[in-house]
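Coordinates as given in start.tsv (TSV, N, CA and C atoms):
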chain	number	residue	atom	x	y	z
A	27	MET	N	140.88	168.97	123.84
A	27	MET	CA	141.31	167.75	124.49
A	27	MET	C	140.41	166.61	124.02
A	28	PRO	N	140.97	165.54	123.47
A	28	PRO	CA	140.16	164.44	122.98
A	28	PRO	C	139.43	163.72	124.11
A	29	GLY	N	138.27	163.15	123.77
A	29	GLY	CA	137.46	162.43	124.75
A	29	GLY	C	138.11	161.14	125.20
A	30	LYS	N	137.71	160.70	126.35
A	30	LYS	CA	138.21	159.46	126.91
A	30	LYS	C	137.64	158.28	126.11
A	31	GLU	N	138.48	157.30	125.79
A	31	GLU	CA	138.03	156.14	125.04
A	31	GLU	C	137.11	155.28	125.92
A	32	ARG	N	135.98	154.89	125.36
A	32	ARG	CA	135.01	154.07	126.08
A	32	ARG	C	135.42	152.60	126.08
A	33	LEU	N	135.05	151.92	127.15
A	33	LEU	CA	135.22	150.48	127.21
A	33	LEU	C	134.27	149.82	126.22
A	34	PRO	N	134.59	148.63	125.72
A	34	PRO	CA	133.66	147.93	124.83
A	34	PRO	C	132.32	147.74	125.53
A	35	VAL	N	131.24	147.76	124.76
A	35	VAL	CA	129.89	147.71	125.32
A	35	VAL	C	129.66	146.43	126.13
A	36	GLU	N	130.21	145.29	125.70
A	36	GLU	CA	129.99	144.06	126.47
A	36	GLU	C	130.62	144.16	127.86
A	37	VAL	N	131.75	144.85	127.98
A	37	VAL	CA	132.39	145.06	129.28
A	37	VAL	C	131.53	145.98	130.13
A	38	ARG	N	131.03	147.05	129.53
A	38	ARG	CA	130.18	148.00	130.27
A	38	ARG	C	128.90	147.34	130.75
A	39	LEU	N	128.30	146.49	129.92
A	39	LEU	CA	127.08	145.78	130.33
A	39	LEU	C	127.37	144.87	131.53
A	40	LYS	N	128.44	144.09	131.44
A	40	LYS	CA	128.75	143.14	132.50
A	40	LYS	C	129.20	143.81	133.79
A	41	ARG	N	129.83	144.97	133.69
A	41	ARG	CA	130.27	145.70	134.89
A	41	ARG	C	129.11	146.31	135.66
A	42	ASN	N	128.00	146.51	134.98
A	42	ASN	CA	126.86	147.18	135.60
A	42	ASN	C	125.71	146.24	135.93
A	43	MET	N	126.01	144.97	136.16
A	43	MET	CA	124.96	144.03	136.51
A	43	MET	C	125.43	143.06	137.58
A	44	LYS	N	124.44	142.48	138.27
A	44	LYS	CA	124.67	141.41	139.24
A	44	LYS	C	123.73	140.28	138.88
A	45	ILE	N	124.24	139.05	138.96
A	45	ILE	CA	123.42	137.89	138.63
A	45	ILE	C	122.63	137.49	139.88
A	46	ASP	N	121.30	137.37	139.71
A	46	ASP	CA	120.46	136.97	140.85
A	46	ASP	C	120.24	135.47	140.86
A	47	GLU	N	119.45	135.00	141.81
A	47	GLU	CA	119.22	133.56	141.99
A	47	GLU	C	118.47	132.91	140.82
A	48	LYS	N	117.83	133.69	139.99
A	48	LYS	CA	117.11	133.17	138.82
A	48	LYS	C	117.96	133.19	137.55
A	49	GLY	N	119.19	133.70	137.67
A	49	GLY	CA	120.06	133.82	136.50
A	49	GLY	C	119.87	135.12	135.74
A	50	CYS	N	119.03	136.01	136.27
A	50	CYS	CA	118.84	137.31	135.64
A	50	CYS	C	120.08	138.17	135.87
A	51	TRP	N	120.47	138.91	134.84
A	51	TRP	CA	121.55	139.88	134.96
A	51	TRP	C	120.88	141.20	135.34
A	52	MET	N	120.82	141.49	136.63
A	52	MET	CA	120.10	142.64	137.13
A	52	MET	C	120.94	143.92	136.98
A	53	TRP	N	120.43	144.85	136.20
A	53	TRP	CA	121.09	146.10	135.89
A	53	TRP	C	121.24	146.94	137.14
A	54	GLN	N	122.44	147.47	137.35
A	54	GLN	CA	122.75	148.29	138.52
A	54	GLN	C	122.95	149.77	138.14
A	55	GLY	N	122.82	150.08	136.87
A	55	GLY	CA	123.05	151.44	136.41
A	55	GLY	C	121.76	152.25	136.33
A	56	SER	N	121.74	153.21	135.43
A	56	SER	CA	120.61	154.13	135.28
A	56	SER	C	119.35	153.39	134.85
A	57	LYS	N	118.21	153.99	135.24
A	57	LYS	CA	116.91	153.43	134.89
A	57	LYS	C	116.03	154.53	134.30
A	58	SER	N	115.13	154.13	133.42
A	58	SER	CA	114.16	155.08	132.86
A	58	SER	C	113.06	155.34	133.89
A	59	GLY	N	112.23	156.32	133.62
A	59	GLY	CA	111.10	156.61	134.49
A	59	GLY	C	110.13	155.45	134.61
A	60	SER	N	110.10	154.57	133.61
A	60	SER	CA	109.21	153.41	133.65
A	60	SER	C	109.91	152.15	134.13
A	61	GLY	N	111.15	152.29	134.63
A	61	GLY	CA	111.83	151.19	135.27
A	61	GLY	C	112.70	150.31	134.39
A	62	TYR	N	112.93	150.73	133.15
A	62	TYR	CA	113.81	149.97	132.25
A	62	TYR	C	115.26	150.34	132.47
A	63	ALA	N	116.15	149.36	132.33
A	63	ALA	CA	117.60	149.59	132.41
A	63	ALA	C	118.02	150.46	131.23
A	64	MET	N	118.86	151.45	131.49
A	64	MET	CA	119.34	152.37	130.45
A	64	MET	C	120.87	152.41	130.46
A	65	ILE	N	121.46	152.50	129.27
A	65	ILE	CA	122.91	152.60	129.13
A	65	ILE	C	123.22	153.75	128.17
A	66	GLN	N	124.24	154.53	128.51
A	66	GLN	CA	124.66	155.65	127.66
A	66	GLN	C	125.49	155.13	126.50
A	67	MET	N	125.08	155.46	125.29
A	67	MET	CA	125.77	154.97	124.09
A	67	MET	C	126.32	156.12	123.26
A	68	GLY	N	126.97	157.05	123.92
A	68	GLY	CA	127.57	158.17	123.22
A	68	GLY	C	126.75	159.43	123.37
A	69	ARG	N	127.29	160.53	122.81
A	69	ARG	CA	126.63	161.82	122.95
A	69	ARG	C	126.38	162.51	121.61
A	70	GLY	N	126.69	161.82	120.53
A	70	GLY	CA	126.51	162.40	119.20
A	70	GLY	C	125.09	162.18	118.67
A	71	PRO	N	124.85	162.64	117.44
A	71	PRO	CA	123.53	162.45	116.82
A	71	PRO	C	123.18	160.96	116.72
A	72	GLY	N	121.98	160.62	117.13
A	72	GLY	CA	121.53	159.23	117.09
A	72	GLY	C	122.05	158.38	118.23
A	73	GLU	N	122.86	159.00	119.09
A	73	GLU	CA	123.41	158.27	120.24
A	73	GLU	C	122.64	158.70	121.49
A	74	GLY	N	123.22	158.50	122.64
A	74	GLY	CA	122.58	158.88	123.89
A	74	GLY	C	122.12	157.66	124.66
A	75	PRO	N	121.23	157.86	125.63
A	75	PRO	CA	120.77	156.73	126.44
A	75	PRO	C	119.94	155.77	125.60
A	76	LYS	N	120.19	154.48	125.79
A	76	LYS	CA	119.48	153.42	125.07
A	76	LYS	C	118.98	152.38	126.09
A	77	LEU	N	117.93	151.65	125.71
A	77	LEU	CA	117.42	150.58	126.55
A	77	LEU	C	118.49	149.48	126.63
A	78	ALA	N	118.94	149.19	127.84
A	78	ALA	CA	120.06	148.26	128.03
A	78	ALA	C	119.71	146.84	127.60
A	79	HIS	N	118.46	146.43	127.72
A	79	HIS	CA	118.12	145.06	127.29
A	79	HIS	C	118.23	144.93	125.78
A	80	ARG	N	117.90	145.98	125.04
A	80	ARG	CA	118.05	145.93	123.58
A	80	ARG	C	119.53	145.94	123.19
A	81	VAL	N	120.33	146.75	123.89
A	81	VAL	CA	121.77	146.80	123.63
A	81	VAL	C	122.39	145.44	123.95
A	82	SER	N	121.98	144.82	125.05
A	82	SER	CA	122.50	143.50	125.43
A	82	SER	C	122.12	142.46	124.38
A	83	TYR	N	120.87	142.48	123.93
A	83	TYR	CA	120.44	141.51	122.91
A	83	TYR	C	121.30	141.66	121.66
A	84	ALA	N	121.43	142.88	121.17
A	84	ALA	CA	122.19	143.13	119.94
A	84	ALA	C	123.67	142.77	120.11
A	85	THR	N	124.22	143.04	121.27
A	85	THR	CA	125.64	142.77	121.53
A	85	THR	C	125.94	141.27	121.56
A	86	PHE	N	125.10	140.51	122.22
A	86	PHE	CA	125.38	139.09	122.44
A	86	PHE	C	124.63	138.14	121.49
A	87	ASN	N	123.50	138.57	120.94
A	87	ASN	CA	122.70	137.68	120.09
A	87	ASN	C	122.67	138.09	118.62
A	88	GLY	N	122.99	139.33	118.33
A	88	GLY	CA	122.96	139.79	116.95
A	88	GLY	C	121.96	140.91	116.71
A	89	GLU	N	121.97	141.37	115.51
A	89	GLU	CA	121.17	142.53	115.10
A	89	GLU	C	119.68	142.34	115.40
A	90	ILE	N	119.03	143.45	115.73
A	90	ILE	CA	117.58	143.47	115.95
A	90	ILE	C	116.93	143.99	114.67
A	91	PRO	N	116.15	143.15	114.00
A	91	PRO	CA	115.50	143.61	112.77
A	91	PRO	C	114.56	144.79	113.04
A	92	GLU	N	114.41	145.62	112.04
A	92	GLU	CA	113.52	146.77	112.13
A	92	GLU	C	112.11	146.30	112.50
A	93	ASN	N	111.44	147.06	113.32
A	93	ASN	CA	110.06	146.80	113.76
A	93	ASN	C	109.92	145.58	114.67
A	94	MET	N	111.03	145.11	115.23
A	94	MET	CA	110.95	143.99	116.18
A	94	MET	C	111.21	144.50	117.59
A	95	MET	N	110.55	143.89	118.53
A	95	MET	CA	110.71	144.20	119.94
A	95	MET	C	111.67	143.18	120.54
A	96	VAL	N	112.28	143.53	121.67
A	96	VAL	CA	113.06	142.58	122.45
A	96	VAL	C	112.28	142.36	123.74
A	97	ASP	N	111.74	141.16	123.89
A	97	ASP	CA	110.87	140.84	125.01
A	97	ASP	C	111.65	140.15	126.11
A	98	HIS	N	111.34	140.53	127.36
A	98	HIS	CA	111.90	139.85	128.52
A	98	HIS	C	111.13	138.55	128.73
A	99	LEU	N	111.84	137.44	128.84
A	99	LEU	CA	111.21	136.16	129.10
A	99	LEU	C	111.10	135.89	130.60
A	100	CYS	N	111.72	136.72	131.40
A	100	CYS	CA	111.66	136.55	132.85
A	100	CYS	C	110.67	137.56	133.43
A	101	TYR	N	109.89	137.07	134.36
A	101	TYR	CA	108.86	137.88	134.99
A	101	TYR	C	109.03	137.80	136.49
A	102	LYS	N	108.46	138.77	137.18
A	102	LYS	CA	108.53	138.79	138.63
A	102	LYS	C	107.13	138.75	139.21
A	103	GLU	N	107.06	138.73	140.51
A	103	GLU	CA	105.79	138.64	141.21
A	103	GLU	C	104.78	139.64	140.65
A	104	GLY	N	103.59	139.19	140.44
A	104	GLY	CA	102.55	140.04	139.89
A	104	GLY	C	102.46	139.96	138.37
A	105	GLY	N	103.37	139.21	137.75
A	105	GLY	CA	103.32	139.04	136.30
A	105	GLY	C	103.92	140.18	135.50
A	106	TYR	N	104.73	141.01	136.14
A	106	TYR	CA	105.37	142.12	135.42
A	106	TYR	C	106.73	141.68	134.90
A	107	SER	N	107.06	142.12	133.69
A	107	SER	CA	108.36	141.76	133.13
A	107	SER	C	109.47	142.32	133.99
A	108	ASN	N	110.56	141.58	134.04
A	108	ASN	CA	111.72	142.00	134.82
A	108	ASN	C	112.52	142.99	133.98
A	109	ARG	N	112.14	144.24	134.02
A	109	ARG	CA	112.70	145.29	133.16
A	109	ARG	C	114.17	145.57	133.41
A	110	LEU	N	114.70	145.09	134.51
A	110	LEU	CA	116.13	145.33	134.81
A	110	LEU	C	117.01	144.18	134.36
A	111	CYS	N	116.42	143.08	133.88
A	111	CYS	CA	117.23	141.95	133.41
A	111	CYS	C	117.78	142.23	132.02
A	112	ILE	N	119.10	142.05	131.88
A	112	ILE	CA	119.75	142.25	130.58
A	112	ILE	C	120.43	140.97	130.10
A	113	ASN	N	120.08	139.82	130.72
A	113	ASN	CA	120.66	138.54	130.31
A	113	ASN	C	120.18	138.22	128.90
A	114	PRO	N	121.09	138.11	127.93
A	114	PRO	CA	120.66	137.87	126.55
A	114	PRO	C	119.92	136.54	126.37
A	115	LYS	N	120.11	135.60	127.30
A	115	LYS	CA	119.38	134.33	127.23
A	115	LYS	C	117.95	134.48	127.75
A	116	HIS	N	117.66	135.59	128.39
A	116	HIS	CA	116.32	135.86	128.90
A	116	HIS	C	115.57	136.85	128.01
A	117	LEU	N	116.10	137.10	126.82
A	117	LEU	CA	115.51	138.07	125.89
A	117	LEU	C	115.20	137.37	124.58
A	118	GLU	N	114.11	137.80	123.94
A	118	GLU	CA	113.70	137.18	122.68
A	118	GLU	C	113.06	138.22	121.78
A	119	LEU	N	113.34	138.10	120.49
A	119	LEU	CA	112.69	138.96	119.51
A	119	LEU	C	111.23	138.57	119.35
A	120	CYS	N	110.38	139.57	119.19
A	120	CYS	CA	108.97	139.32	118.92
A	120	CYS	C	108.38	140.58	118.29
A	121	THR	N	107.18	140.44	117.77
A	121	THR	CA	106.49	141.60	117.22
A	121	THR	C	105.88	142.41	118.36
A	122	ASP	N	105.46	143.62	118.07
A	122	ASP	CA	104.81	144.46	119.07
A	122	ASP	C	103.54	143.77	119.58
A	123	ALA	N	102.77	143.18	118.67
A	123	ALA	CA	101.52	142.50	119.07
A	123	ALA	C	101.82	141.33	120.01
A	124	GLU	N	102.86	140.53	119.70
A	124	GLU	CA	103.24	139.42	120.57
A	124	GLU	C	103.66	139.93	121.94
A	125	ASN	N	104.43	140.99	121.96
A	125	ASN	CA	104.92	141.57	123.20
A	125	ASN	C	103.75	142.00	124.09
A	126	LYS	N	102.77	142.65	123.50
A	126	LYS	CA	101.60	143.10	124.27
A	126	LYS	C	100.79	141.91	124.76
A	127	THR	N	100.58	140.91	123.92
A	127	THR	CA	99.82	139.72	124.30
A	127	THR	C	100.49	139.00	125.46
A	128	ARG	N	101.79	138.84	125.37
A	128	ARG	CA	102.54	138.18	126.44
A	128	ARG	C	102.42	138.97	127.73
A	129	GLY	N	102.56	140.27	127.65
A	129	GLY	CA	102.48	141.11	128.84
A	129	GLY	C	101.14	140.99	129.54
A	130	TYR	N	100.05	141.03	128.77
A	130	TYR	CA	98.72	140.90	129.36
A	130	TYR	C	98.54	139.52	129.98
A	131	ALA	N	99.00	138.48	129.30
A	131	ALA	CA	98.85	137.12	129.81
A	131	ALA	C	99.65	136.91	131.09
A	132	MET	N	100.85	137.45	131.13
A	132	MET	CA	101.74	137.22	132.28
A	132	MET	C	101.25	137.95	133.53
A	133	LYS	N	100.58	139.06	133.36
A	133	LYS	CA	100.08	139.80	134.53
A	133	LYS	C	99.04	138.99	135.30
A	134	LYS	N	98.49	137.94	134.67
A	134	LYS	CA	97.50	137.09	135.31
A	134	LYS	C	98.14	135.99	136.15
A	135	VAL	N	99.44	135.82	136.03
A	135	VAL	CA	100.14	134.72	136.69
A	135	VAL	C	101.01	135.28	137.82
A	136	ALA	N	100.87	134.72	139.00
A	136	ALA	CA	101.68	135.19	140.14
A	136	ALA	C	103.00	134.42	140.21
A	137	GLY	N	104.03	135.04	140.80
A	137	GLY	CA	105.32	134.40	140.98
A	137	GLY	C	106.22	134.55	139.78
A	138	TRP	N	107.45	134.09	139.91
A	138	TRP	CA	108.42	134.15	138.82
A	138	TRP	C	108.11	133.07	137.81
A	139	ILE	N	108.03	133.45	136.55
A	139	ILE	CA	107.85	132.49	135.49
A	139	ILE	C	108.72	132.87	134.32
A	140	HIS	N	108.96	131.93	133.49
A	140	HIS	CA	109.62	132.21	132.22
A	140	HIS	C	108.63	131.83	131.14
A	141	TYR	N	108.47	132.71	130.21
A	141	TYR	CA	107.55	132.51	129.10
A	141	TYR	C	108.37	132.34	127.84
A	142	LYS	N	108.19	131.26	127.17
A	142	LYS	CA	109.01	130.98	125.99
A	142	LYS	C	108.10	130.55	124.85
A	143	THR	N	108.20	131.24	123.73
A	143	THR	CA	107.44	130.84	122.57
A	143	THR	C	108.12	129.65	121.93
A	144	ALA	N	107.40	128.52	121.84
A	144	ALA	CA	107.96	127.32	121.24
A	144	ALA	C	107.93	127.42	119.72
A	145	ASN	N	106.87	127.97	119.19
A	145	ASN	CA	106.76	128.23	117.76
A	145	ASN	C	105.61	129.21	117.56
A	146	ALA	N	105.25	129.48	116.36
A	146	ALA	CA	104.23	130.49	116.08
A	146	ALA	C	102.86	130.09	116.61
A	147	ASN	N	102.60	128.80	116.81
A	147	ASN	CA	101.27	128.34	117.22
A	147	ASN	C	101.18	127.83	118.64
A	148	ALA	N	102.32	127.66	119.34
A	148	ALA	CA	102.27	127.09	120.68
A	148	ALA	C	103.28	127.78	121.57
A	149	SER	N	102.96	127.81	122.86
A	149	SER	CA	103.89	128.37	123.83
A	149	SER	C	103.81	127.55	125.11
A	150	THR	N	104.84	127.70	125.93
A	150	THR	CA	104.86	126.99	127.21
A	150	THR	C	105.21	127.95	128.31
A	151	ASN	N	104.63	127.74	129.46
A	151	ASN	CA	104.95	128.51	130.66
A	151	ASN	C	105.46	127.52	131.69
A	152	SER	N	106.44	127.90	132.46
A	152	SER	CA	106.91	127.02	133.50
A	152	SER	C	107.33	127.84	134.72
A	153	LYS	N	107.01	127.33	135.87
A	153	LYS	CA	107.40	127.96	137.13
A	153	LYS	C	108.89	127.79	137.30
A	154	VAL	N	109.57	128.84	137.67
A	154	VAL	CA	111.00	128.78	137.92
A	154	VAL	C	111.21	128.70	139.43
A	155	ASP	N	111.87	127.67	139.87
A	155	ASP	CA	112.11	127.50	141.31
A	155	ASP	C	113.35	128.22	141.74
Reformat the file's structure so that it appears as structure tokens.
Amino acid sequence: MPGKERLPVEVRLKRNMKIDEKGCWMWQGSKSGSGYAMIQMGRGPGEGPKLAHRVSYATFNGEIPENMMVDHLCYKEGGYSNRLCINPKHLELCTDAENKTRGYAMKKVAGWIHYKTANANASTNSKVD
């Protein structure tokens, strides 16, 4: 018996999220042990559960170059990244080193903030009301 045809990934992403007051697309589906949104992307070789924020970025913004991270620009109280947000406008490509630096810096800031790299030499932080 042939398998059931899957809905397009953009439909599956949007069906499994709710938009919060900050504009975050909060994932309502499966989560990893470390709190990241997960989406099932098939059962064959190289398929399986994938990080939903990376799938969302690739689906709506384009391909993710090799060795690049997809960083959450939205943070929650305590300076922790909002691992359940899959809003492609709240995601940005960065290197592993940039991702770690941002994470350490954001943990020092309380409340919701958005961190946006303006260019390679400057960045801005702003409180989100």
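Minimum atom-to-atom distance to Leu117 of chain A, evaluated using all atoms listed in the file, belongs to A:Val96 out of A:Gly129, A:Arg38, A:Gly74, A:Val96.
When all atoms listed in the file are used to compute distances to Lys76 of chain A, the closest of the residues A:Met64, A:Cys120, A:Met95, A:Lys57 turns out to be A:Met64.
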Record the distance separating atom N of Arg109 of chain A and atom N of Gly68 of chain A, expressed in Å with one decimal.
22.0 Å
Using DSSP secondary structure from the backbone, list all alpha helix (DSSP H) positions within segment 68-125 of chain A, as a PDB file with N, CA and C atoms, keeping the file's coordinate frame.
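Listing of out_11.pdb after writing:
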ATOM      1  N   ALA A  78     118.940 149.190 127.840  1.00  0.00           N
ATOM      2  CA  ALA A  78     120.060 148.260 128.030  1.00  0.00           C
ATOM      3  C   ALA A  78     119.710 146.840 127.600  1.00  0.00           C
ATOM      4  N   HIS A  79     118.460 146.430 127.720  1.00  0.00           N
ATOM      5  CA  HIS A  79     118.120 145.060 127.290  1.00  0.00           C
ATOM      6  C   HIS A  79     118.230 144.930 125.780  1.00  0.00           C
ATOM      7  N   ARG A  80     117.900 145.980 125.040  1.00  0.00           N
ATOM      8  CA  ARG A  80     118.050 145.930 123.580  1.00  0.00           C
ATOM      9  C   ARG A  80     119.530 145.940 123.190  1.00  0.00           C
ATOM     10  N   VAL A  81     120.330 146.750 123.890  1.00  0.00           N
ATOM     11  CA  VAL A  81     121.770 146.800 123.630  1.00  0.00           C
ATOM     12  C   VAL A  81     122.390 145.440 123.950  1.00  0.00           C
ATOM     13  N   SER A  82     121.980 144.820 125.050  1.00  0.00           N
ATOM     14  CA  SER A  82     122.500 143.500 125.430  1.00  0.00           C
ATOM     15  C   SER A  82     122.120 142.460 124.380  1.00  0.00           C
ATOM     16  N   TYR A  83     120.870 142.480 123.930  1.00  0.00           N
ATOM     17  CA  TYR A  83     120.440 141.510 122.910  1.00  0.00           C
ATOM     18  C   TYR A  83     121.300 141.660 121.660  1.00  0.00           C
ATOM     19  N   ALA A  84     121.430 142.880 121.170  1.00  0.00           N
ATOM     20  CA  ALA A  84     122.190 143.130 119.940  1.00  0.00           C
ATOM     21  C   ALA A  84     123.670 142.770 120.110  1.00  0.00           C
ATOM     22  N   THR A  85     124.220 143.040 121.270  1.00  0.00           N
ATOM     23  CA  THR A  85     125.640 142.770 121.530  1.00  0.00           C
ATOM     24  C   THR A  85     125.940 141.270 121.560  1.00  0.00           C
ATOM     25  N   PHE A  86     125.100 140.510 122.220  1.00  0.00           N
ATOM     26  CA  PHE A  86     125.380 139.090 122.440  1.00  0.00           C
ATOM     27  C   PHE A  86     124.630 138.140 121.490  1.00  0.00           C
ATOM     28  N   ASN A  87     123.500 138.570 120.940  1.00  0.00           N
ATOM     29  CA  ASN A  87     122.700 137.680 120.090  1.00  0.00           C
ATOM     30  C   ASN A  87     122.670 138.090 118.620  1.00  0.00           C
ATOM     31  N   ASP A 122     105.460 143.620 118.070  1.00  0.00           N
ATOM     32  CA  ASP A 122     104.810 144.460 119.070  1.00  0.00           C
ATOM     33  C   ASP A 122     103.540 143.770 119.580  1.00  0.00           C
ATOM     34  N   ALA A 123     102.770 143.180 118.670  1.00  0.00           N
ATOM     35  CA  ALA A 123     101.520 142.500 119.070  1.00  0.00           C
ATOM     36  C   ALA A 123     101.820 141.330 120.010  1.00  0.00           C
ATOM     37  N   GLU A 124     102.860 140.530 119.700  1.00  0.00           N
ATOM     38  CA  GLU A 124     103.240 139.420 120.570  1.00  0.00           C
ATOM     39  C   GLU A 124     103.660 139.930 121.940  1.00  0.00           C
ATOM     40  N   ASN A 125     104.430 140.990 121.960  1.00  0.00           N
ATOM     41  CA  ASN A 125     104.920 141.570 123.200  1.00  0.00           C
ATOM     42  C   ASN A 125     103.750 142.000 124.090  1.00  0.00           C
TER      43      ASN A 125
END
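Interatomic distance, atom CA of Ala123 of chain A against atom CA of Met67 of chain A: 27.7 Å.
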Per-residue DSSP, segment 34-142 of chain A, filtered to strand (DSSP E or B), as a ChimeraX atom specification
/A:43-45,51-53,57,63-66,75-77,95-98,100-102,106-107,111,117-120,139-142
Hey, can you spit out that residue selection with N, CA and C atoms as an mmCIF file, in the frame of the given file?
data_model
loop_
_atom_site.group_PDB
_atom_site.id
_atom_site.type_symbol
_atom_site.label_atom_id
_atom_site.label_comp_id
_atom_site.auth_asym_id
_atom_site.auth_seq_id
_atom_site.Cartn_x
_atom_site.Cartn_y
_atom_site.Cartn_z
ATOM 1 N N MET A 43 126.010 144.970 136.160
ATOM 2 C CA MET A 43 124.960 144.030 136.510
ATOM 3 C C MET A 43 125.430 143.060 137.580
ATOM 4 N N LYS A 44 124.440 142.480 138.270
ATOM 5 C CA LYS A 44 124.670 141.410 139.240
ATOM 6 C C LYS A 44 123.730 140.280 138.880
ATOM 7 N N ILE A 45 124.240 139.050 138.960
ATOM 8 C CA ILE A 45 123.420 137.890 138.630
ATOM 9 C C ILE A 45 122.630 137.490 139.880
ATOM 10 N N TRP A 51 120.470 138.910 134.840
ATOM 11 C CA TRP A 51 121.550 139.880 134.960
ATOM 12 C C TRP A 51 120.880 141.200 135.340
ATOM 13 N N MET A 52 120.820 141.490 136.630
ATOM 14 C CA MET A 52 120.100 142.640 137.130
ATOM 15 C C MET A 52 120.940 143.920 136.980
ATOM 16 N N TRP A 53 120.430 144.850 136.200
ATOM 17 C CA TRP A 53 121.090 146.100 135.890
ATOM 18 C C TRP A 53 121.240 146.940 137.140
ATOM 19 N N LYS A 57 118.210 153.990 135.240
ATOM 20 C CA LYS A 57 116.910 153.430 134.890
ATOM 21 C C LYS A 57 116.030 154.530 134.300
ATOM 22 N N ALA A 63 116.150 149.360 132.330
ATOM 23 C CA ALA A 63 117.600 149.590 132.410
ATOM 24 C C ALA A 63 118.020 150.460 131.230
ATOM 25 N N MET A 64 118.860 151.450 131.490
ATOM 26 C CA MET A 64 119.340 152.370 130.450
ATOM 27 C C MET A 64 120.870 152.410 130.460
ATOM 28 N N ILE A 65 121.460 152.500 129.270
ATOM 29 C CA ILE A 65 122.910 152.600 129.130
ATOM 30 C C ILE A 65 123.220 153.750 128.170
ATOM 31 N N GLN A 66 124.240 154.530 128.510
ATOM 32 C CA GLN A 66 124.660 155.650 127.660
ATOM 33 C C GLN A 66 125.490 155.130 126.500
ATOM 34 N N PRO A 75 121.230 157.860 125.630
ATOM 35 C CA PRO A 75 120.770 156.730 126.440
ATOM 36 C C PRO A 75 119.940 155.770 125.600
ATOM 37 N N LYS A 76 120.190 154.480 125.790
ATOM 38 C CA LYS A 76 119.480 153.420 125.070
ATOM 39 C C LYS A 76 118.980 152.380 126.090
ATOM 40 N N LEU A 77 117.930 151.650 125.710
ATOM 41 C CA LEU A 77 117.420 150.580 126.550
ATOM 42 C C LEU A 77 118.490 149.480 126.630
ATOM 43 N N MET A 95 110.550 143.890 118.530
ATOM 44 C CA MET A 95 110.710 144.200 119.940
ATOM 45 C C MET A 95 111.670 143.180 120.540
ATOM 46 N N VAL A 96 112.280 143.530 121.670
ATOM 47 C CA VAL A 96 113.060 142.580 122.450
ATOM 48 C C VAL A 96 112.280 142.360 123.740
ATOM 49 N N ASP A 97 111.740 141.160 123.890
ATOM 50 C CA ASP A 97 110.870 140.840 125.010
ATOM 51 C C ASP A 97 111.650 140.150 126.110
ATOM 52 N N HIS A 98 111.340 140.530 127.360
ATOM 53 C CA HIS A 98 111.900 139.850 128.520
ATOM 54 C C HIS A 98 111.130 138.550 128.730
ATOM 55 N N CYS A 100 111.720 136.720 131.400
ATOM 56 C CA CYS A 100 111.660 136.550 132.850
ATOM 57 C C CYS A 100 110.670 137.560 133.430
ATOM 58 N N TYR A 101 109.890 137.070 134.360
ATOM 59 C CA TYR A 101 108.860 137.880 134.990
ATOM 60 C C TYR A 101 109.030 137.800 136.490
ATOM 61 N N LYS A 102 108.460 138.770 137.180
ATOM 62 C CA LYS A 102 108.530 138.790 138.630
ATOM 63 C C LYS A 102 107.130 138.750 139.210
ATOM 64 N N TYR A 106 104.730 141.010 136.140
ATOM 65 C CA TYR A 106 105.370 142.120 135.420
ATOM 66 C C TYR A 106 106.730 141.680 134.900
ATOM 67 N N SER A 107 107.060 142.120 133.690
ATOM 68 C CA SER A 107 108.360 141.760 133.130
ATOM 69 C C SER A 107 109.470 142.320 133.990
ATOM 70 N N CYS A 111 116.420 143.080 133.880
ATOM 71 C CA CYS A 111 117.230 141.950 133.410
ATOM 72 C C CYS A 111 117.780 142.230 132.020
ATOM 73 N N LEU A 117 116.100 137.100 126.820
ATOM 74 C CA LEU A 117 115.510 138.070 125.890
ATOM 75 C C LEU A 117 115.200 137.370 124.580
ATOM 76 N N GLU A 118 114.110 137.800 123.940
ATOM 77 C CA GLU A 118 113.700 137.180 122.680
ATOM 78 C C GLU A 118 113.060 138.220 121.780
ATOM 79 N N LEU A 119 113.340 138.100 120.490
ATOM 80 C CA LEU A 119 112.690 138.960 119.510
ATOM 81 C C LEU A 119 111.230 138.570 119.350
ATOM 82 N N CYS A 120 110.380 139.570 119.190
ATOM 83 C CA CYS A 120 108.970 139.320 118.920
ATOM 84 C C CYS A 120 108.380 140.580 118.290
ATOM 85 N N ILE A 139 108.030 133.450 136.550
ATOM 86 C CA ILE A 139 107.850 132.490 135.490
ATOM 87 C C ILE A 139 108.720 132.870 134.320
ATOM 88 N N HIS A 140 108.960 131.930 133.490
ATOM 89 C CA HIS A 140 109.620 132.210 132.220
ATOM 90 C C HIS A 140 108.630 131.830 131.140
ATOM 91 N N TYR A 141 108.470 132.710 130.210
ATOM 92 C CA TYR A 141 107.550 132.510 129.100
ATOM 93 C C TYR A 141 108.370 132.340 127.840
ATOM 94 N N LYS A 142 108.190 131.260 127.170
ATOM 95 C CA LYS A 142 109.010 130.980 125.990
ATOM 96 C C LYS A 142 108.100 130.550 124.850
#
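With only C-alpha atoms as the atoms that count, the minimum distance from Gly61 of chain A to the choices A:Lys40, A:Arg32, A:His79, A:Lys126 is reached by A:His79.
Proximity to Tyr83 of chain A was assessed for A:Gly59, A:Gly49, A:Pro114, A:Pro34 counting all atoms listed in the file; the smallest distance is recorded for A:Pro114.
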Using only C-alpha atoms, the shortest atom-to-atom distance to Lys102 of chain A among A:Lys48, A:Arg69, A:Arg80, A:Arg128 belongs to A:Lys48
Within 12 Å of (125.0, 137.7, 121.4) in the file's own coordinates, which protein, DNA or RNA residues have an atom, counting only C-alpha atoms? List them as a ChimeraX atom specification.
/A:35-36,79-90,112-118
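Coordinates place atom CA of Asn125 of chain A at a distance of 16.4 Å from atom CA of Ser60 of chain A.
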Skipping near chain neighbours, those fewer than 2 positions away, what residues fall within 10 Å of Gln54 of chain A using only C-alpha atoms, listed as a ChimeraX atom specification?
/A:39-44,51-52,56-57,63-64,110-111
Please define a box with edges along x, y and z of the file around all atoms of segment 41-47 of chain A given in the file, extend it by 8 Å on each side, and return its centre and edge lengths in Å to one decimal, as JSON.
{"center_x": 124.4, "center_y": 140.0, "center_z": 137.8, "size_x": 27.8, "size_y": 30.3, "size_z": 24.3}
